[in-house]
$ cat structure-v4.txt   # compact mmCIF, C-alpha atoms
# COMPACT_ATOMS: atom_id res chain seq x y z
CA MET A 1 6.05 -8.16 -14.02
CA ASP A 2 5.93 -5.26 -16.45
CA ASN A 3 9.05 -5.81 -18.56
CA ILE A 4 11.36 -8.43 -20.08
CA ILE A 5 12.81 -11.01 -17.67
CA ILE A 6 15.70 -13.45 -17.89
CA THR A 7 14.33 -17.00 -17.63
CA GLU A 8 17.38 -19.19 -18.26
CA VAL A 9 21.19 -18.82 -18.22
CA LEU A 10 23.66 -21.50 -19.35
CA TYR A 11 27.03 -20.11 -18.26
CA ASN A 12 28.97 -23.37 -17.74
CA PRO A 13 28.26 -25.60 -20.75
CA VAL A 14 30.19 -28.77 -21.51
CA THR A 15 31.27 -27.12 -24.77
CA GLU A 16 32.65 -23.76 -23.69
CA SER A 17 33.17 -22.36 -27.18
CA GLY A 18 29.78 -21.50 -28.61
CA GLY A 19 27.84 -23.23 -25.84
CA GLU A 20 26.69 -20.34 -23.63
CA ALA A 21 23.14 -18.98 -23.91
CA VAL A 22 20.63 -16.64 -22.27
CA GLU A 23 16.84 -16.92 -22.66
CA LEU A 24 14.63 -13.79 -22.44
CA TYR A 25 10.85 -13.77 -21.97
CA ASN A 26 8.10 -11.14 -22.33
CA PRO A 27 5.43 -11.59 -19.59
CA THR A 28 3.50 -8.45 -20.56
CA THR A 29 0.36 -8.11 -22.69
CA GLY A 30 2.08 -6.41 -25.63
CA PRO A 31 5.22 -6.74 -27.77
CA ILE A 32 8.43 -5.05 -26.57
CA ASP A 33 11.10 -3.75 -28.94
CA VAL A 34 14.52 -4.68 -27.50
CA SER A 35 16.59 -3.28 -30.38
CA GLY A 36 19.91 -2.00 -29.05
CA TRP A 37 19.43 -3.44 -25.55
CA VAL A 38 22.60 -4.89 -24.05
CA LEU A 39 23.67 -7.84 -21.93
CA ALA A 40 26.32 -6.84 -19.39
CA THR A 41 28.68 -9.40 -17.85
CA GLU A 42 31.75 -9.43 -15.62
CA THR A 43 33.76 -9.22 -18.86
CA SER A 44 32.11 -6.19 -20.43
CA PRO A 45 29.19 -3.80 -19.70
CA THR A 46 28.20 -4.28 -23.37
CA ASP A 47 29.10 -7.93 -23.87
CA VAL A 48 26.15 -8.44 -26.24
CA THR A 49 24.10 -5.81 -28.10
CA LEU A 50 20.74 -6.98 -29.43
CA PRO A 51 20.20 -6.19 -33.13
CA VAL A 52 17.86 -3.67 -34.72
CA GLY A 53 14.41 -5.22 -35.26
CA ALA A 54 14.55 -7.48 -32.21
CA VAL A 55 11.00 -7.54 -30.85
CA ILE A 56 9.73 -10.02 -28.24
CA SER A 57 6.02 -10.68 -28.56
CA SER A 58 3.65 -11.00 -25.61
CA GLY A 59 4.29 -14.40 -24.03
CA GLY A 60 7.23 -14.88 -26.42
CA TYR A 61 10.91 -15.74 -26.00
CA LEU A 62 14.23 -14.57 -27.45
CA LEU A 63 17.21 -16.95 -27.30
CA VAL A 64 20.62 -15.22 -27.36
CA ALA A 65 23.71 -17.43 -27.65
CA ASP A 66 27.47 -17.36 -28.11
CA ILE A 67 28.92 -17.37 -31.60
CA GLY A 68 29.02 -20.98 -32.83
CA TRP A 69 25.83 -22.08 -31.03
CA SER A 70 24.33 -23.47 -34.24
CA GLY A 71 27.07 -26.10 -34.52
CA SER A 72 28.62 -26.35 -31.04
CA ARG A 73 25.76 -26.40 -28.52
CA ASP A 74 25.80 -29.27 -26.04
CA ASN A 75 22.53 -30.71 -27.29
CA MET A 76 21.66 -30.38 -30.97
CA GLY A 77 18.00 -30.96 -30.00
CA TRP A 78 17.93 -27.51 -28.41
CA PRO A 79 16.41 -24.78 -30.61
CA GLU A 80 18.47 -22.50 -32.83
CA ALA A 81 19.34 -19.15 -31.29
CA ASP A 82 17.47 -16.06 -32.46
CA TYR A 83 20.72 -14.13 -32.26
CA GLU A 84 24.40 -15.13 -31.89
CA GLU A 85 27.21 -12.86 -30.73
CA THR A 86 30.47 -13.48 -28.92
CA MET A 87 29.50 -13.89 -25.26
CA THR A 88 31.77 -14.40 -22.27
CA LEU A 89 30.11 -15.71 -19.10
CA THR A 90 32.38 -16.44 -16.11
CA ASN A 91 31.69 -19.75 -14.33
CA THR A 92 32.19 -18.56 -10.74
CA ASP A 93 31.15 -15.43 -8.81
CA ALA A 94 29.61 -13.66 -11.79
CA GLY A 95 26.35 -12.53 -13.34
CA ILE A 96 24.55 -11.11 -16.32
CA ALA A 97 22.26 -8.07 -16.58
CA LEU A 98 19.82 -6.97 -19.26
CA SER A 99 19.77 -3.20 -19.81
CA ASP A 100 17.73 -0.98 -22.13
CA GLY A 101 20.66 1.43 -22.33
CA SER A 102 19.57 3.65 -19.45
CA SER A 103 18.55 1.26 -16.67
CA ILE A 104 18.88 -2.39 -15.66
CA ILE A 105 15.77 -4.38 -16.56
CA ASP A 106 16.72 -7.74 -15.00
CA ALA A 107 19.81 -9.50 -13.67
CA VAL A 108 20.92 -12.99 -12.61
CA GLY A 109 24.02 -13.67 -10.52
CA TRP A 110 25.70 -16.81 -9.16
CA GLY A 111 28.34 -17.41 -6.51
CA ASP A 112 29.70 -15.12 -3.78
CA GLN A 113 27.85 -11.80 -3.69
CA LEU A 114 30.98 -9.97 -2.48
CA ASN A 115 32.84 -10.93 -5.65
CA ILE A 116 30.09 -10.16 -8.19
CA GLY A 117 30.01 -6.85 -10.03
CA SER A 118 27.41 -4.24 -9.12
CA GLY A 119 24.11 -4.63 -10.96
CA LEU A 120 24.82 -8.20 -12.10
CA TYR A 121 22.40 -9.85 -9.63
CA GLU A 122 19.08 -9.24 -7.85
CA GLY A 123 18.59 -9.64 -4.10
CA ASN A 124 20.80 -12.61 -3.21
CA PRO A 125 22.62 -14.37 -6.06
CA HIS A 126 22.08 -18.09 -6.69
CA SER A 127 24.73 -20.45 -5.33
CA GLY A 128 25.43 -21.72 -8.86
CA SER A 129 25.00 -24.72 -11.14
CA SER A 130 27.14 -27.67 -12.19
CA GLU A 131 28.75 -28.11 -15.61
CA GLY A 132 26.06 -28.63 -18.24
CA GLU A 133 23.28 -27.32 -15.97
CA ALA A 134 21.49 -24.01 -16.43
CA LEU A 135 20.00 -21.57 -13.96
CA VAL A 136 16.28 -21.88 -14.75
CA ARG A 137 13.63 -19.47 -13.42
CA THR A 138 11.00 -21.35 -11.42
CA LYS A 139 7.26 -21.23 -12.10
CA ASN A 140 4.12 -20.98 -10.01
CA GLY A 141 1.63 -22.80 -12.19
CA SER A 142 2.06 -21.32 -15.66
CA SER A 143 3.62 -18.03 -14.47
CA TYR A 144 7.28 -17.34 -13.82
CA VAL A 145 8.25 -16.40 -10.26
CA ASP A 146 9.92 -13.02 -9.70
CA THR A 147 10.49 -12.12 -6.03
CA GLY A 148 13.49 -9.92 -6.77
CA SER A 149 15.97 -12.47 -5.39
CA ASN A 150 17.94 -14.83 -7.68
CA LEU A 151 18.31 -17.32 -4.84
CA ASN A 152 14.53 -17.66 -4.55
CA ASP A 153 13.65 -17.34 -8.25
CA PHE A 154 16.12 -19.72 -9.92
CA THR A 155 17.07 -23.39 -9.65
CA ALA A 156 19.91 -25.39 -11.18
CA ALA A 157 18.42 -27.82 -13.70
CA ALA A 158 18.82 -29.39 -17.14
CA PRO A 159 18.50 -26.69 -19.82
CA ASP A 160 15.11 -26.33 -21.53
CA PHE A 161 15.47 -23.50 -24.01
CA HIS A 162 12.83 -21.68 -26.07
CA ASN A 163 13.36 -19.37 -28.99
CA SER A 164 11.01 -16.96 -30.74
CA SER A 165 9.19 -19.82 -32.48
CA PHE A 166 7.32 -20.35 -29.21
CA GLY A 167 5.68 -16.92 -29.76
CA SER A 168 5.50 -14.53 -32.68
CA ASN A 169 8.69 -14.20 -34.72
CA ALA A 170 10.93 -11.73 -32.91
CA PHE A 171 12.52 -10.42 -36.08
CA SER A 172 9.51 -10.19 -38.37
CA SER A 173 6.87 -8.53 -36.21
CA THR A 174 5.76 -5.05 -37.04
CA GLU A 175 3.05 -2.66 -35.92
CA ILE A 176 0.70 -0.42 -37.86
CA THR A 177 -0.63 2.57 -35.98
CA ILE A 178 -4.37 3.12 -36.42
CA VAL A 179 -5.83 6.60 -35.98
CA ALA A 180 -9.60 7.14 -35.94
CA VAL A 181 -11.25 10.53 -35.69
CA VAL A 182 -14.75 10.38 -34.22
CA GLU A 183 -16.66 13.54 -34.90
CA GLY A 184 -19.19 15.02 -32.51
CA SER A 185 -19.50 16.85 -29.21
CA PHE A 186 -19.14 15.55 -25.67
CA PRO A 187 -19.51 17.06 -22.19
CA VAL A 188 -16.69 19.17 -20.79
CA ILE A 189 -15.95 19.59 -17.08
CA ASN A 190 -14.72 23.17 -16.93
CA SER A 191 -14.07 23.13 -13.18
CA PHE A 192 -14.45 20.80 -10.22
CA GLY A 193 -13.54 21.57 -6.63
CA ILE A 194 -14.19 21.07 -2.94
CA LEU A 195 -15.71 24.10 -1.24
CA THR A 196 -15.16 22.90 2.33
CA ASP A 197 -11.69 23.68 3.68
CA ASP A 198 -10.96 23.69 7.41
CA ASP A 199 -7.42 25.06 7.02
CA ASP A 200 -7.08 27.87 4.49
CA SER A 201 -3.41 28.34 5.34
CA ALA A 202 -2.43 24.85 4.16
CA GLU A 203 -2.09 23.78 0.55
CA GLY A 204 -5.03 21.80 -0.82
CA ASN A 205 -8.20 20.96 1.06
CA GLN A 206 -8.14 19.88 4.71
CA ILE A 207 -11.26 18.35 6.25
CA ASN A 208 -11.42 17.98 10.03
CA PRO A 209 -13.56 15.19 11.53
CA VAL A 210 -16.20 16.02 14.14
CA PRO A 211 -16.29 13.70 17.20
CA LYS A 212 -19.23 11.30 17.11
CA ARG A 213 -20.81 13.08 14.13
CA ASN A 214 -20.60 12.96 10.35
CA LYS A 215 -18.84 15.81 8.56
CA THR A 216 -20.63 17.28 5.54
CA VAL A 217 -18.39 18.30 2.62
CA GLU A 218 -19.68 20.51 -0.24
CA VAL A 219 -18.40 20.28 -3.81
CA GLU A 220 -19.27 22.09 -7.03
CA SER A 221 -18.59 21.65 -10.72
CA VAL A 222 -19.16 23.65 -13.89
CA VAL A 223 -20.13 21.40 -16.83
CA SER A 224 -20.68 22.53 -20.40
CA HIS A 225 -21.78 21.00 -23.70
CA ASP A 226 -21.54 22.53 -27.17
CA ASN A 227 -25.04 21.26 -27.94
CA GLY A 228 -26.50 23.14 -24.96
CA ASN A 229 -27.25 22.64 -21.28
CA ASP A 230 -30.13 20.29 -21.92
CA TYR A 231 -27.80 17.87 -23.65
CA VAL A 232 -26.05 17.02 -20.31
CA ASP A 233 -27.91 14.01 -18.91
CA THR A 234 -26.27 13.35 -15.52
CA VAL A 235 -23.46 14.71 -13.36
CA VAL A 236 -22.42 12.23 -10.69
CA LEU A 237 -20.01 12.55 -7.76
CA ASN A 238 -18.08 9.38 -6.88
CA ILE A 239 -16.24 8.78 -3.60
CA GLY A 240 -15.14 5.27 -2.77
CA SER A 241 -18.00 2.93 -3.68
CA SER A 242 -20.65 5.66 -3.32
CA SER A 243 -22.21 7.63 -6.19
CA ILE A 244 -24.11 10.88 -5.53
CA GLY A 245 -26.06 12.79 -8.14
CA MET A 246 -25.03 16.45 -8.44
CA ALA A 247 -27.91 18.88 -8.75
CA LYS A 248 -27.95 21.72 -11.28
CA GLN A 249 -27.91 25.00 -9.34
CA LEU A 250 -27.58 27.61 -12.05
CA GLU A 251 -27.35 27.90 -15.84
CA LEU A 252 -24.40 30.21 -16.39
CA ASN A 253 -25.12 30.55 -20.10
CA SER A 254 -26.66 28.49 -22.90
CA THR A 255 -23.96 25.81 -22.77
CA ALA A 256 -22.60 25.79 -19.17
CA SER A 257 -24.24 25.10 -15.80
CA LEU A 258 -23.17 25.00 -12.15
CA TYR A 259 -23.73 21.72 -10.27
CA LYS A 260 -23.40 21.08 -6.52
CA ALA A 261 -23.55 18.13 -4.14
CA ASN A 262 -22.68 17.19 -0.56
CA PHE A 263 -21.12 14.03 0.80
CA SER A 264 -20.53 12.88 4.38
CA MET A 265 -17.42 11.59 6.12
CA GLY A 266 -17.88 9.55 9.28
CA TYR A 267 -15.94 10.51 12.37
CA TYR A 268 -14.51 6.97 12.37
CA ASP A 269 -13.31 7.12 8.71
CA ALA A 270 -9.55 6.66 8.52
CA ALA A 271 -7.35 9.73 8.35
CA GLY A 272 -5.44 10.25 5.10
CA ASN A 273 -5.73 11.42 1.52
CA TYR A 274 -9.01 10.85 -0.30
CA SER A 275 -9.91 11.28 -3.96
CA ILE A 276 -13.30 12.16 -5.41
CA THR A 277 -14.34 12.08 -9.07
CA VAL A 278 -17.10 13.78 -11.02
CA THR A 279 -18.48 12.12 -14.17
CA ALA A 280 -20.61 14.08 -16.61
CA THR A 281 -22.60 12.04 -19.17
CA ASP A 282 -24.56 13.41 -22.10
CA ASN A 283 -27.70 12.13 -23.83
CA SER A 284 -25.61 10.08 -26.26
CA GLY A 285 -23.77 8.27 -23.48
CA PHE A 286 -20.46 10.12 -23.93
CA SER A 287 -18.82 11.13 -20.66
CA ALA A 288 -16.01 13.18 -19.16
CA ASN A 289 -14.26 12.86 -15.78
CA ALA A 290 -12.35 15.10 -13.38
CA SER A 291 -10.85 14.42 -9.96
CA ALA A 292 -10.05 16.36 -6.80
CA GLY A 293 -8.54 15.36 -3.49
CA PHE A 294 -8.58 16.28 0.17
CA ASP A 295 -6.79 15.40 3.36
CA TYR A 296 -8.99 13.97 6.12
CA SER A 297 -7.28 14.93 9.36
CA SER A 298 -6.47 12.61 12.23
CA LEU A 299 -8.80 12.90 15.22
CA ILE A 300 -8.08 11.47 18.65
CA ALA A 301 -11.26 11.80 20.72
CA MET A 302 -12.87 9.82 23.49
CA GLU A 303 -16.09 9.83 25.47
CA ILE A 304 -16.44 8.52 29.05
CA ASP A 305 -19.88 7.69 30.44
CA THR A 306 -18.83 8.11 34.08
CA THR A 307 -18.48 11.46 35.85
CA ASN A 308 -17.78 10.01 39.30
CA VAL A 309 -16.60 6.74 40.79
CA GLN A 310 -17.98 5.86 44.22
CA PHE A 311 -16.27 3.43 46.61
CA SER A 312 -17.68 2.18 49.92
CA ALA A 313 -15.80 -0.08 52.34
CA MET A 314 -14.58 -0.44 55.92
CA PRO A 315 -10.95 0.21 56.91
CA SER A 316 -8.65 -2.69 55.88
CA LYS A 317 -11.19 -3.69 53.21
CA SER A 318 -11.41 -2.91 49.51
CA SER A 319 -14.10 -1.70 47.15
CA GLU A 320 -14.22 -2.28 43.38
CA VAL A 321 -16.11 -0.50 40.62
CA ILE A 322 -16.15 -2.78 37.59
CA GLY A 323 -16.04 -1.19 34.15
CA ASP A 324 -18.08 -2.39 31.18
CA ALA A 325 -18.59 -1.70 27.46
CA ASP A 326 -22.13 -0.34 27.94
CA GLU A 327 -22.40 3.46 27.87
CA SER A 328 -25.88 3.33 29.39
CA THR A 329 -24.50 2.14 32.76
CA ALA A 330 -23.02 5.37 34.09
CA ALA A 331 -21.78 3.80 37.33
CA ASN A 332 -19.47 1.47 35.38
CA THR A 333 -16.75 3.25 33.45
CA THR A 334 -16.76 2.89 29.66
CA ILE A 335 -14.28 4.61 27.32
CA ALA A 336 -15.57 5.07 23.75
CA ASN A 337 -13.41 6.02 20.76
CA ILE A 338 -15.34 8.75 18.95
CA GLY A 339 -12.52 9.75 16.58
CA ASN A 340 -10.81 8.10 13.61
CA SER A 341 -7.48 7.16 15.20
CA VAL A 342 -6.37 4.46 17.61
CA PHE A 343 -5.27 5.85 20.97
CA ASP A 344 -3.73 4.84 24.29
CA ILE A 345 -4.69 6.20 27.72
CA GLU A 346 -2.65 8.43 30.05
CA LEU A 347 -3.79 8.24 33.70
CA SER A 348 -3.01 10.35 36.75
CA ALA A 349 -4.87 11.05 40.00
CA THR A 350 -4.83 12.94 43.28
CA ASN A 351 -4.96 11.71 46.87
CA LEU A 352 -8.41 11.26 48.41
CA SER A 353 -8.85 13.77 51.21
CA SER A 354 -11.38 14.70 53.89
CA ILE A 355 -11.46 16.60 57.17
CA GLY A 356 -10.37 13.40 58.91
CA GLY A 357 -7.29 12.72 56.79
CA ILE A 358 -5.94 11.47 53.48
CA ILE A 359 -6.04 8.20 51.56
CA ASP A 360 -2.94 8.04 49.40
CA VAL A 361 -3.61 7.71 45.67
CA GLY A 362 -1.36 4.63 45.63
CA ASN A 363 -4.22 2.68 47.23
CA ILE A 364 -6.22 2.83 43.97
CA GLN A 365 -5.61 0.16 41.34
CA TYR A 366 -7.02 0.07 37.81
CA THR A 367 -7.34 -2.44 35.00
CA PHE A 368 -8.55 -2.36 31.41
CA ASN A 369 -9.38 -6.06 31.20
CA GLY A 370 -10.56 -7.08 34.67
CA ASP A 371 -7.19 -8.50 35.75
CA TYR A 372 -5.18 -6.38 38.18
CA ASN A 373 -1.99 -8.39 37.65
CA ASN A 374 -1.04 -7.88 34.00
CA SER A 375 0.31 -5.25 31.60
CA LEU A 376 -3.09 -3.54 31.21
CA ALA A 377 -3.33 -2.87 34.95
CA GLY A 378 -1.53 -0.58 37.33
CA THR A 379 -1.65 1.62 40.41
CA LEU A 380 -2.67 5.26 40.13
CA SER A 381 -0.18 8.01 40.89
CA TYR A 382 -0.09 11.78 40.72
CA LEU A 383 2.57 11.25 38.03
CA PRO A 384 1.05 10.55 34.59
CA GLN A 385 1.46 7.02 33.26
CA ILE A 386 0.54 5.72 29.81
CA LYS A 387 -1.09 2.36 29.20
CA GLN A 388 -0.84 0.94 25.68
CA VAL A 389 -4.48 -0.03 25.40
CA GLY A 390 -4.82 0.60 21.65
CA ILE A 391 -8.51 1.54 21.66
CA GLY A 392 -9.58 1.24 18.03
CA THR A 393 -12.00 3.38 16.06
CA ALA A 394 -15.69 2.93 16.86
CA SER A 395 -14.81 0.64 19.79
CA LYS A 396 -15.45 0.71 23.55
CA GLN A 397 -13.14 -0.19 26.42
CA PRO A 398 -14.12 -1.00 30.04
CA LEU A 399 -12.05 0.51 32.87
CA SER A 400 -12.26 -0.89 36.41
CA PHE A 401 -10.99 0.60 39.69
CA LYS A 402 -10.28 -0.95 43.10
CA LEU A 403 -9.68 1.07 46.31
CA SER A 404 -7.96 -0.58 49.27
CA ILE A 405 -8.70 1.39 52.46
CA PRO A 406 -5.82 1.46 54.97
CA THR A 407 -6.58 0.00 58.43
CA ALA A 408 -6.03 3.29 60.32
CA THR A 409 -8.27 5.36 58.04
CA VAL A 410 -10.72 7.62 59.89
CA PRO A 411 -14.30 7.09 58.67
CA GLY A 412 -15.71 9.88 56.54
CA ASN A 413 -16.25 11.07 52.99
CA TYR A 414 -13.05 11.31 50.95
CA SER A 415 -12.77 12.85 47.52
CA GLY A 416 -10.20 13.29 44.75
CA THR A 417 -9.90 13.23 40.97
CA ILE A 418 -8.76 10.84 38.25
CA THR A 419 -7.57 12.35 34.98
CA LEU A 420 -7.73 10.34 31.73
CA ILE A 421 -6.19 11.64 28.49
CA ALA A 422 -6.34 9.96 25.08
CA VAL A 423 -2.84 9.98 23.54
CA LYS A 424 -1.38 8.92 20.20
CA PRO A 425 0.42 5.53 20.39

$ encode --input "structure-v4.txt" --output "structure tokens"
Amino acid sequence: MDNIIITEVLYNPVTESGGEAVELYNPTTGPIDVSGWVLATETSPTDVTLPVGAVISSGGYLLVADIGWSGSRDNMGWPEADYEETMTLTNTDAGIALSDGSSIIDAVGWGDQLNIGSGLYEGNPHSGSSEGEALVRTKNGSSYVDTGSNLNDFTAAAPDFHNSSFGSNAFSSTEITIVAVVEGSFPVINSFGILTDDDDSAEGNQINPVPKRNKTVEVESVVSHDNGNDYVDTVVLNIGSSSIGMAKQLELNSTASLYKANFSMGYYDAAGNYSITVTATDNSGFSANASAGFDYSSLIAMEIDTTNVQFSAMPSKSSEVIGDADESTAANTTIANIGNSVFDIELSATNLSSIGGIIDVGNIQYTFNGDYNNSLAGTLSYLPQIKQVGIGTASKQPLSFKLSIPTATVPGNYSGTITLIAVKP
């Protein structure tokens, strides 16, 4: 929560005249000036205007009530209001919204959503409270809950109001701006950029992964210091959790030098936008930072350890070649993801043919998990078919095949092809 929230609303008091109240709370780490902010209701978009000088301290409250609260509130043990103004809250199908004059900061509604004015509730409005009860924001431990839905965030309960006395005084706080000028020199990063770019036609820097290999990216930076080149202590390149020292390549003049460094991206690193930062630190410990970004492209790539699958069986029998996750066993098919994106597999095949005849491709079954009777199994066809295998980055997937030889097949050597294509899910 990064702004004022409404924590309690008493819209249906026993004493209607002067008995309505709204409690505001500041959950942030600093005071917030709410001078001129307004409370909108079904009656008026500016039902209440907070006065000049209204400031809610960090962790503090501001209690706003109807005119007459001081003498007419239901319970004289409740605190005095910080501010009273004529307020009209409707008891059914209504709401209240806090606005800074340009946008709605928070809102609480109760009753039928279809009958409540726009902007007077968040998410789903609360069903409402009984006479004398308030809508009170719930807490998780010591913190108020704010899911963006009044139905989830509020409960009907006995009022428990707080005013500004629970924090710093809302109408007496002030701030003094402090300005300090620290004299001296510090490093300056004159330029910082990525030299590697695999697509000059596109805006920014594009880096393309290399299947099963790291990609080396070169960067350079010009750093200067008014006290001279020797006054720059370190220039460090940061990417993710890694820090790489940049080496000085050339002194351009007495105060500026060129620094370079390389970093590596793994072929399995996720595609997307990456940010790198250079930090230059001088001998006194003062530092300067600059950032650059690049787009690491998506790469769908696979490696298969098998170049041929060999079946051997008599007519009316079957032969199976079982896949595994070991790329060193070339006779057993293994599919390895050597890119940085998850992929599925598209399969197609041809008939097996020889001088003596043809074995139809429909006699070959396949499976990605050893079971030929589930969603990861199927029968090969000359028409491409896609199996949603979802082979993840840096992972391996076994693929098994089973050939059933028709009874009337003439003995001989039959050959054909199986085509596998990695495709985006």

$ closest_residue --input "structure-v4.txt" --among "A:Val55, A:Ala247, A:Ala271, A:Ala256" --to "Pro209 (chain A)" --atoms "all atoms listed in the file"
A:Ala271

$ closest_residue --input "structure-v4.txt" --among "A:Phe161, A:Phe186, A:Tyr296, A:Phe263" --to "Ser284 (chain A)" --atoms "all atoms listed in the file"
A:Phe186

$ atom_distance --input "structure-v4.txt" --atom1 "CA of Ala408 (chain A)" --atom2 "CA of Val361 (chain A)"
15.5 Å

$ closest_residue --input "structure-v4.txt" --among "A:Gly95, A:Gly240, A:Pro425, A:Pro187" --to "Glu122 (chain A)" --atoms "only C-alpha atoms"
A:Gly95

$ atom_distance --input "structure-v4.txt" --atom1 "CA of Leu383 (chain A)" --atom2 "CA of Ala349 (chain A)"
7.7 Å

$ atom_distance --input "structure-v4.txt" --atom1 "CA of Thr29 (chain A)" --atom2 "CA of Gly53 (chain A)"
19.1 Å

$ closest_residue --input "structure-v4.txt" --among "A:Val38, A:Ile6, A:Ile32, A:Ile178" --to "Gly109 (chain A)" --atoms "all atoms listed in the file"
A:Ile6

$ closest_residue --input "structure-v4.txt" --among "A:Trp69, A:Phe401, A:Phe343, A:Tyr372" --to "Ile386 (chain A)" --atoms "all atoms listed in the file"
A:Phe343

$ residues_around --input "structure-v4.txt" --residues "Val145 (chain A)" --least-positions-apart "5" --cutoff "12 Å" --atoms "only C-alpha atoms" --output "JSON, numbers by chain"
{"A": [1, 5, 6, 7, 27, 136, 137, 138, 139, 140, 150, 151, 152, 153, 154, 155]}

$ closest_residue --input "structure-v4.txt" --among "A:Ser242, A:Gln249, A:Ser130, A:Ser103" --to "Val14 (chain A)" --atoms "only C-alpha atoms"
A:Ser130
